[in-house]
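Content type mmCIF, C-alpha atoms, from the file entry.cif:
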```
data_final
#
loop_
_atom_site.label_atom_id
_atom_site.label_comp_id
_atom_site.auth_asym_id
_atom_site.auth_seq_id
_atom_site.Cartn_x
_atom_site.Cartn_y
_atom_site.Cartn_z
CA MET A 9 130.28 82.01 79.50
CA SER A 10 131.67 81.50 82.99
CA ASN A 11 129.46 81.96 86.01
CA CYS A 12 131.35 85.08 87.12
CA GLU A 13 130.23 86.94 83.97
CA TYR A 14 126.53 86.72 84.76
CA VAL A 15 124.99 89.79 86.34
CA ARG A 16 122.93 88.83 89.37
CA LYS A 17 120.77 90.80 91.75
CA THR A 18 121.50 90.57 95.46
CA LYS A 19 119.41 91.18 98.54
CA GLU A 20 118.41 94.81 99.07
CA ASP A 21 118.30 96.83 102.28
CA ARG A 22 114.53 97.07 101.80
CA PRO A 23 112.00 94.33 101.00
CA VAL A 24 111.38 93.63 97.30
CA LEU A 25 107.90 92.80 96.00
CA ALA A 26 108.01 91.17 92.53
CA VAL A 27 104.76 91.55 90.56
CA CYS A 28 104.71 89.03 87.69
CA TYR A 29 102.27 89.24 84.79
CA ASP A 30 101.10 87.04 81.99
CA PHE A 31 100.48 89.28 78.97
CA ASP A 32 97.73 88.15 76.61
CA LYS A 33 94.30 88.68 78.22
CA THR A 34 96.03 89.83 81.40
CA LEU A 35 97.46 93.17 80.29
CA SER A 36 95.90 93.07 76.81
CA PRO A 37 92.32 92.04 75.88
CA ASP A 38 93.43 89.65 73.11
CA ASP A 39 96.35 87.58 71.87
CA MET A 40 99.10 89.93 70.68
CA GLN A 41 99.47 88.07 67.36
CA ALA A 42 95.75 88.62 66.63
CA GLN A 43 96.10 92.40 66.77
CA GLY A 44 97.75 92.97 63.40
CA TYR A 45 100.16 90.20 62.49
CA ILE A 46 97.62 87.40 61.78
CA GLN A 47 95.57 89.76 59.59
CA SER A 48 98.70 90.87 57.69
CA VAL A 49 99.43 87.31 56.56
CA GLY A 50 95.98 86.73 55.08
CA TYR A 51 93.67 85.60 57.87
CA ASP A 52 90.36 87.39 58.26
CA ILE A 53 89.55 85.29 61.32
CA ALA A 54 92.31 84.87 63.89
CA ASP A 55 90.91 81.56 65.12
CA ASP A 56 91.71 80.03 61.71
CA PHE A 57 95.41 80.72 62.30
CA TRP A 58 95.29 79.15 65.77
CA ARG A 59 93.39 76.08 64.53
CA LYS A 60 96.02 75.51 61.86
CA SER A 61 98.87 76.01 64.33
CA ASN A 62 97.35 73.73 66.99
CA ALA A 63 96.59 71.04 64.41
CA MET A 64 100.24 71.04 63.36
CA ALA A 65 101.27 70.65 67.00
CA ASP A 66 98.87 67.72 67.49
CA GLU A 67 99.92 65.95 64.33
CA ASN A 68 103.64 66.20 65.12
CA ASP A 69 103.77 65.85 68.92
CA MET A 70 104.97 69.43 68.87
CA ASP A 71 104.91 72.06 71.58
CA GLN A 72 102.05 74.43 70.72
CA ASN A 73 104.23 77.48 71.23
CA LEU A 74 106.92 76.16 68.89
CA SER A 75 104.15 75.40 66.42
CA TYR A 76 102.76 78.93 66.42
CA MET A 77 106.28 80.37 66.09
CA TYR A 78 106.96 78.11 63.08
CA GLN A 79 103.59 79.08 61.63
CA MET A 80 104.37 82.77 62.02
CA LEU A 81 107.67 82.35 60.15
CA HIS A 82 106.08 80.22 57.45
CA GLU A 83 103.08 82.49 56.86
CA ALA A 84 105.31 85.59 56.68
CA GLU A 85 107.29 84.26 53.70
CA GLY A 86 106.67 86.45 50.65
CA ARG A 87 104.35 88.74 52.61
CA ILE A 88 106.29 90.70 55.21
CA VAL A 89 109.88 91.21 56.33
CA PHE A 90 109.91 89.07 59.46
CA ASN A 91 112.49 90.81 61.63
CA LYS A 92 112.67 92.24 65.17
CA GLU A 93 111.73 95.74 64.05
CA LYS A 94 108.59 94.49 62.32
CA LEU A 95 107.53 92.46 65.34
CA GLN A 96 108.09 95.45 67.61
CA GLU A 97 106.00 97.53 65.22
CA TYR A 98 103.15 95.05 65.62
CA GLY A 99 103.68 95.23 69.38
CA SER A 100 103.31 99.00 69.34
CA LYS A 101 99.74 98.53 68.08
CA VAL A 102 98.70 96.03 70.77
CA LYS A 103 95.75 97.29 72.78
CA LEU A 104 96.11 97.38 76.57
CA PHE A 105 93.49 97.13 79.28
CA PRO A 106 92.33 100.38 80.94
CA GLY A 107 94.87 101.93 83.28
CA VAL A 108 97.83 99.78 82.19
CA GLU A 109 99.72 102.80 80.82
CA GLY A 110 100.11 104.49 84.21
CA TRP A 111 99.94 101.43 86.43
CA PHE A 112 103.57 100.33 86.74
CA GLU A 113 105.12 103.59 87.93
CA ARG A 114 102.13 104.38 90.16
CA ILE A 115 102.50 101.03 91.95
CA ARG A 116 106.28 101.46 92.20
CA GLU A 117 105.79 104.88 93.77
CA TYR A 118 103.24 103.53 96.26
CA GLY A 119 105.80 100.93 97.27
CA ARG A 120 108.59 103.51 97.62
CA GLU A 121 106.44 105.56 99.99
CA ARG A 122 106.10 102.49 102.23
CA GLY A 123 109.69 101.31 102.10
CA VAL A 124 109.05 98.50 99.58
CA ILE A 125 110.86 98.09 96.25
CA VAL A 126 108.27 97.03 93.66
CA GLU A 127 109.55 95.32 90.50
CA HIS A 128 107.41 94.31 87.51
CA TYR A 129 108.15 91.20 85.43
CA ILE A 130 106.51 89.64 82.37
CA ILE A 131 106.30 85.83 82.20
CA SER A 132 104.49 85.06 78.95
CA SER A 133 104.14 82.50 76.19
CA GLY A 134 103.70 85.42 73.82
CA LEU A 135 106.51 87.01 71.85
CA LYS A 136 109.18 89.02 73.64
CA GLU A 137 109.80 91.14 70.53
CA MET A 138 106.16 92.21 70.37
CA ILE A 139 106.01 92.96 74.09
CA GLU A 140 109.17 95.05 73.75
CA GLY A 141 107.33 97.15 71.16
CA THR A 142 104.47 98.08 73.47
CA SER A 143 104.37 101.59 74.88
CA VAL A 144 104.75 100.37 78.47
CA ALA A 145 107.83 98.27 77.71
CA ARG A 146 109.45 101.14 75.80
CA ALA A 147 108.80 103.35 78.84
CA GLY A 148 110.80 100.94 81.04
CA ALA A 149 107.89 99.35 82.91
CA PHE A 150 109.46 95.91 83.27
CA GLU A 151 112.49 94.73 85.21
CA ARG A 152 112.72 91.77 82.82
CA ILE A 153 110.56 90.26 80.06
CA PHE A 154 110.59 86.45 80.08
CA ALA A 155 108.79 85.34 76.92
CA SER A 156 109.16 83.31 73.75
CA SER A 157 111.56 84.89 71.27
CA PHE A 158 113.27 84.39 67.92
CA TYR A 159 116.90 84.10 66.85
CA PHE A 160 117.61 86.77 64.24
CA GLU A 161 120.43 85.79 61.90
CA ASN A 162 123.02 88.57 61.76
CA GLY A 163 120.56 90.65 63.74
CA ARG A 164 118.18 90.75 60.77
CA LEU A 165 115.62 88.11 59.74
CA ALA A 166 114.08 85.67 62.21
CA LYS A 167 115.43 82.16 61.59
CA TRP A 168 114.77 79.98 64.61
CA PRO A 169 113.21 80.07 68.10
CA ALA A 170 115.69 81.42 70.62
CA GLN A 171 113.46 80.84 73.63
CA VAL A 172 110.11 79.14 74.04
CA VAL A 173 108.00 79.67 77.15
CA ASN A 174 105.10 77.34 77.80
CA TYR A 175 102.76 77.02 80.78
CA THR A 176 104.95 74.55 82.68
CA ASN A 177 108.41 76.04 82.16
CA LYS A 178 107.08 79.45 83.19
CA THR A 179 107.79 78.42 86.78
CA GLN A 180 111.58 78.47 86.28
CA PHE A 181 111.42 82.24 85.94
CA LEU A 182 109.82 82.57 89.36
CA PHE A 183 112.86 80.81 90.86
CA ARG A 184 115.13 83.13 88.89
CA ILE A 185 113.34 86.14 90.33
CA VAL A 186 113.47 84.68 93.85
CA LYS A 187 117.27 84.30 93.65
CA GLY A 188 118.04 87.35 91.52
CA VAL A 189 119.43 85.08 88.77
CA LEU A 190 117.72 86.65 85.76
CA ASP A 191 119.88 85.54 82.82
CA VAL A 192 118.07 82.59 81.20
CA ASN A 193 121.37 80.68 80.82
CA ASP A 194 122.71 81.28 84.32
CA PRO A 195 122.93 77.86 86.07
CA ALA A 196 123.03 79.54 89.49
CA VAL A 197 119.25 79.26 89.52
CA ASN A 198 119.89 75.73 90.85
CA ASP A 199 122.24 76.84 93.62
CA TYR A 200 121.19 76.59 97.25
CA LEU A 201 120.77 79.93 99.02
CA PRO A 202 120.20 80.20 102.77
CA PRO A 203 116.90 81.95 103.58
CA GLU A 204 118.61 85.13 104.74
CA GLN A 205 120.23 85.56 101.30
CA ILE A 206 117.05 85.09 99.26
CA ARG A 207 116.38 88.34 97.41
CA VAL A 208 112.63 87.93 96.86
CA PRO A 209 111.04 85.26 99.07
CA PHE A 210 107.97 83.63 97.55
CA ARG A 211 105.80 85.39 100.14
CA ASN A 212 106.76 88.61 98.31
CA ILE A 213 105.74 87.45 94.84
CA VAL A 214 102.49 88.44 93.17
CA TYR A 215 101.41 86.55 90.04
CA ILE A 216 98.63 88.01 87.87
CA GLY A 217 97.11 85.88 85.12
CA ASP A 218 93.87 84.97 83.44
CA SER A 219 93.69 81.29 82.51
CA ASP A 220 94.77 77.65 82.80
CA THR A 221 98.18 78.41 81.26
CA ASP A 222 98.99 80.43 84.39
CA ILE A 223 98.00 77.70 86.84
CA PRO A 224 101.49 76.20 87.47
CA CYS A 225 102.85 79.65 88.42
CA MET A 226 99.76 80.52 90.43
CA ALA A 227 99.82 77.23 92.32
CA LEU A 228 103.54 77.54 93.07
CA VAL A 229 103.24 81.11 94.32
CA SER A 230 100.19 80.33 96.46
CA SER A 231 101.76 77.21 97.97
CA TYR A 232 104.73 79.23 99.23
CA GLY A 233 102.67 82.03 100.76
CA GLY A 234 102.67 84.48 97.85
CA HIS A 235 99.71 86.19 96.19
CA SER A 236 98.03 84.82 93.04
CA ILE A 237 95.43 86.98 91.32
CA GLY A 238 93.08 86.02 88.51
CA VAL A 239 91.81 88.78 86.22
CA TYR A 240 88.83 88.84 83.88
CA ASP A 241 87.60 91.20 81.17
CA ARG A 242 85.45 93.90 82.74
CA VAL A 243 83.49 94.31 79.48
CA THR A 244 82.35 90.69 79.11
CA GLN A 245 82.23 90.13 82.88
CA ASP A 246 82.95 86.45 82.18
CA LYS A 247 84.23 85.07 85.50
CA THR A 248 84.10 81.38 84.51
CA LYS A 249 87.88 80.95 84.55
CA VAL A 250 88.56 82.86 87.77
CA TYR A 251 85.75 81.01 89.55
CA LYS A 252 87.32 77.70 88.49
CA MET A 253 90.78 78.80 89.63
CA MET A 254 89.40 79.98 92.96
CA ARG A 255 87.46 76.76 93.44
CA GLU A 256 90.63 74.75 92.83
CA ASN A 257 92.71 76.94 95.19
CA ARG A 258 94.92 78.22 92.38
CA ILE A 259 94.33 81.88 93.22
CA LYS A 260 93.67 83.89 96.37
CA TYR A 261 91.90 86.81 94.70
CA PHE A 262 90.25 87.88 91.45
CA ALA A 263 89.39 91.27 90.00
CA PRO A 264 88.46 92.93 86.69
CA ALA A 265 91.45 93.63 84.42
CA ASP A 266 91.18 97.37 85.02
CA TYR A 267 94.47 98.86 86.18
CA SER A 268 93.14 102.38 86.72
CA GLU A 269 93.67 104.15 90.02
CA GLY A 270 91.05 103.33 92.64
CA THR A 271 89.84 100.11 90.97
CA GLU A 272 89.58 96.72 92.72
CA LEU A 273 92.93 95.62 91.30
CA ASP A 274 94.63 98.87 92.28
CA MET A 275 93.37 98.66 95.86
CA LEU A 276 94.28 94.97 96.08
CA LEU A 277 97.91 95.55 95.03
CA LYS A 278 98.23 98.45 97.43
CA ALA A 279 96.89 96.27 100.26
CA ILE A 280 99.49 93.61 99.38
CA ILE A 281 102.22 96.27 99.49
CA ASP A 282 100.97 97.44 102.90
CA LYS A 283 100.99 93.87 104.17
CA THR A 284 104.49 93.29 102.77
CA ALA A 285 105.83 96.40 104.51
CA ALA A 286 104.44 95.27 107.89
CA ALA A 287 105.34 91.58 107.51
CA GLU A 288 108.92 92.33 106.47
CA LYS A 289 109.46 94.47 109.56
CA LEU A 290 108.54 91.42 111.63
CA GLU A 291 110.74 89.22 109.46
CA ARG A 292 113.72 91.55 110.03
CA LEU A 293 113.16 91.32 113.79
CA HIS A 294 113.03 87.55 113.48
CA GLU A 295 116.33 87.54 111.57
CA ILE A 296 117.96 89.73 114.24
CA ASN A 297 116.74 87.45 117.03
CA LYS A 298 117.80 84.34 115.11
CA LYS A 299 121.28 85.76 114.52
CA GLU A 300 121.63 86.59 118.22
CA ASN A 301 120.49 83.08 119.13
CA ILE A 302 123.05 81.49 116.78
CA GLU A 303 125.85 83.64 118.19
CA ALA A 304 124.82 82.76 121.75
CA ASP A 305 124.75 79.04 120.92
CA ARG A 306 128.27 79.24 119.51
CA ARG A 307 129.55 80.10 122.98
CA HIS A 308 128.48 76.68 124.30
CA THR A 309 129.35 73.09 123.48
CA LYS A 310 126.75 70.70 122.15
CA GLU A 311 126.61 69.03 125.58
CA GLU A 312 126.03 72.34 127.35
CA LEU A 313 123.24 73.25 124.94
CA GLU A 314 121.59 69.88 125.64
CA LYS A 315 121.71 70.58 129.38
CA MET A 316 120.27 74.06 128.89
CA ASP A 317 117.42 72.68 126.79
CA LEU A 318 116.59 69.99 129.37
CA ILE A 319 116.48 72.54 132.19
CA SER A 320 114.22 74.70 130.03
CA ASP A 321 111.96 71.68 129.38
CA LEU A 322 111.84 71.00 133.12
CA ASP A 323 110.81 74.58 133.79
CA GLY A 324 108.07 74.29 131.20
CA SER A 325 106.67 70.96 132.43
CA PHE A 326 102.90 71.27 132.24
CA SER A 327 102.02 67.90 133.77
CA VAL A 328 103.41 65.27 136.14
CA SER A 329 103.95 62.86 133.25
CA LYS A 330 105.91 65.51 131.33
CA ALA A 331 108.08 66.21 134.39
CA ARG A 332 108.85 62.48 134.71
CA GLN A 333 109.83 62.32 131.00
CA VAL A 334 112.28 65.20 131.49
CA PHE A 335 113.75 63.67 134.65
CA SER A 336 114.40 60.41 132.80
CA LYS A 337 116.73 62.39 130.48
CA LEU A 338 118.22 64.59 133.22
CA SER A 339 119.25 61.54 135.26
CA ARG A 340 121.49 60.27 132.45
CA ILE A 341 123.74 63.32 132.84
CA LYS A 342 126.06 63.34 135.86
CA ASP A 343 128.09 66.50 135.36
CA TRP A 344 125.95 69.47 136.48
CA SER A 345 127.38 72.84 137.54
CA ARG A 346 126.37 74.52 140.81
CA GLU A 347 124.46 77.18 138.87
CA GLN A 348 122.53 74.49 136.96
CA ALA A 349 121.81 72.56 140.17
CA GLU A 350 120.47 75.68 141.91
CA ARG A 351 118.23 76.41 138.96
CA MET A 352 116.73 72.90 139.02
CA PHE A 353 115.96 73.32 142.73
CA GLU A 354 114.38 76.71 142.09
CA ILE A 355 112.22 75.20 139.35
CA ALA A 356 111.02 72.57 141.81
CA LEU A 357 110.07 75.31 144.27
CA ARG A 358 107.78 77.09 141.82
CA ASN A 359 106.53 74.27 139.55
CA SER A 360 104.01 72.04 141.30
CA HIS A 361 104.28 69.30 138.66
CA VAL A 362 108.02 68.99 139.24
CA ARG A 363 107.51 69.08 142.99
CA SER A 364 104.94 66.28 142.79
CA VAL A 365 107.43 63.78 141.36
CA MET A 366 110.18 64.54 143.85
CA GLN A 367 108.99 61.71 146.08
CA ASP A 368 109.86 59.24 143.31
CA GLU A 369 112.98 57.42 144.52
CA GLU A 370 114.97 58.07 141.35
CA VAL A 371 114.08 61.78 141.35
CA LYS A 372 114.81 62.12 145.07
CA ASP A 373 118.21 60.47 144.58
CA PHE A 374 118.94 62.81 141.67
CA TYR A 375 118.23 65.93 143.74
CA ASN A 376 120.02 64.61 146.83
CA GLY A 377 123.05 63.95 144.65
CA LEU A 378 122.98 67.53 143.37
CA ALA A 379 122.60 68.92 146.91
CA GLU A 380 125.44 66.82 148.24
CA LYS A 381 127.84 67.53 145.37
CA HIS A 382 127.37 71.29 145.50
CA GLY A 383 126.74 71.73 149.22
CA LEU A 384 123.17 72.88 148.75
CA ASP A 385 122.11 72.39 152.37
CA GLY A 386 119.84 75.37 152.69
CA GLU A 387 116.48 74.64 154.23
CA LYS A 388 114.54 75.65 151.12
CA TYR A 389 116.35 73.02 149.06
CA LEU A 390 116.51 70.13 151.49
CA LYS A 391 112.85 70.29 152.45
CA LEU A 392 111.94 69.35 148.88
CA THR A 393 113.61 65.95 149.24
CA LYS A 394 112.34 65.02 152.70
#
```
Mind turning this structure into structure tokens?
Amino acid sequence: MSNCEYVRKTKEDRPVLAVCYDFDKTLSPDDMQAQGYIQSVGYDIADDFWRKSNAMADENDMDQNLSYMYQMLHEAEGRIVFNKEKLQEYGSKVKLFPGVEGWFERIREYGRERGVIVEHYIISSGLKEMIEGTSVARAGAFERIFASSFYFENGRLAKWPAQVVNYTNKTQFLFRIVKGVLDVNDPAVNDYLPPEQIRVPFRNIVYIGDSDTDIPCMALVSSYGGHSIGVYDRVTQDKTKVYKMMRENRIKYFAPADYSEGTELDMLLKAIIDKTAAAEKLERLHEINKKENIEADRRHTKEELEKMDLISDLDGSFSVSKARQVFSKLSRIKDWSREQAERMFEIALRNSHVRSVMQDEEVKDFYNGLAEKHGLDGEKYLKLTK
């Protein structure tokens, strides 16, 4: 596929806030596979399936996610028809934390009211097919689901992993969201984009997760000024993991995994949206000022810009030693316009630090040369060099 065939998102006329979620134990209280599938292939205790899968990974230097996907295929043989429809059926039975059902549209609407586009993304090591079967995914909650998935031969039975997402390669999807390059095979994720073309700057990314497998994403988001949130089960009230992540500066906030209106998590996301709306207004002003500055600079040569900067440094001299440093650079330039010469005299009139060094022979010669070249013989100028 050529690059031109990939569909990419571009910068919007309003700020975009991307809210990214792990799935298991972030939106759902348990692993998705343990809520129907594992039991259907003969395991009374879900941990037995995971022990077997992890042991296979250890014994074969195998990625744990590839191991569980192999194990799912293997255990399904002779028991169930292992196709996309069956996996989506299991997904439809996955339990969600309180409030998840109404959360996504409510948060989007709150953003719309404040001029912010809110997009929801899944970045999970769980199965894409199961997540697609959940009620929230079927209702269109997610902009994109990045998760492990199977290849289905002729669109029927699962035959091979199509995509595997582990805790370290999760971070690639953050960069895809930042640049609007959402197709997993689109190489444009590696392209350089100037800051003004970035669709979702990292400061506008929220990552919500529950455990160590989310740490690379959380650390990346936090390091670039975004918002990382740890969630914990409100029933068990076990905060061990979020305390550890907070202690290690992986997250900025933590809250119970209750997505109902008016809860800690709800108020936190709304506060982040409010902050984004205000911060992006300032960022737009910065971009306007920066653009004006660039256009103004284009009207001058590099040499003229250097002169302008030196005169500005002279005006801002906050000590005698600083004034001398600036003069040492000014004296190397011989070609000064009348306007520039007049400005340097005016600076000397109002800046006592500049005036103090005008009795230095080199500085006095510099100013006398300016006065002589441009006929600056007014009393207010000449008295400075006497």
task = Would you kindly translate the PyMOL selection byres ((chain A and resi 51-58) around 12) into the concrete residues it picks from this file, as a VMD selection string?
result = chain A and resid 38 to 50 59 to 65 72 to 73 75 to 80 82 to 84
message = Please enumerate the residues selected by the PyMOL selection byres ((chain A and resi 291) around 12) when evaluated against the supplied file, formatted as a VMD selection string.
response = chain A and resid 22 to 23 203 to 204 209 211 to 212 284 to 290 292 to 298
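Excluding A:Lys278 itself and any same-chain residue fewer than 3 positions from it, the protein and nucleic acid residues within 12 Å of it, counting all atoms listed in the file, are Leu25, Val27, Trp111, Arg114, Ile115, Arg116, Glu117, Tyr118, Gly119, Arg120, Glu121, Arg122, Val124, Val126, Val214, Tyr267, Glu269, Gly270, Thr271, Glu272, Leu273, Asp274, Met275, Ile281, Asp282, Lys283, Thr284 and Ala285 of chain A.
The spacing separating atom CA of A:Arg87 from atom CA of A:Thr142 amounts to 22.9 Å.
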message = Given the PyMOL selection byres ((chain A and resi 172) around 6) and the file above, list the residues it selects as a list in words.
response =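 That expression, the PyMOL selection byres ((chain A and resi 172) around 6), corresponds here to Ser156, Gln171 and Val173 of chain A.
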inquiry  = Just the number, please: distance in Å from atom CA of A:Lys299 to atom CA of A:Lys19, one decimal.
reply    =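 These atoms are spaced 17.0 Å apart.
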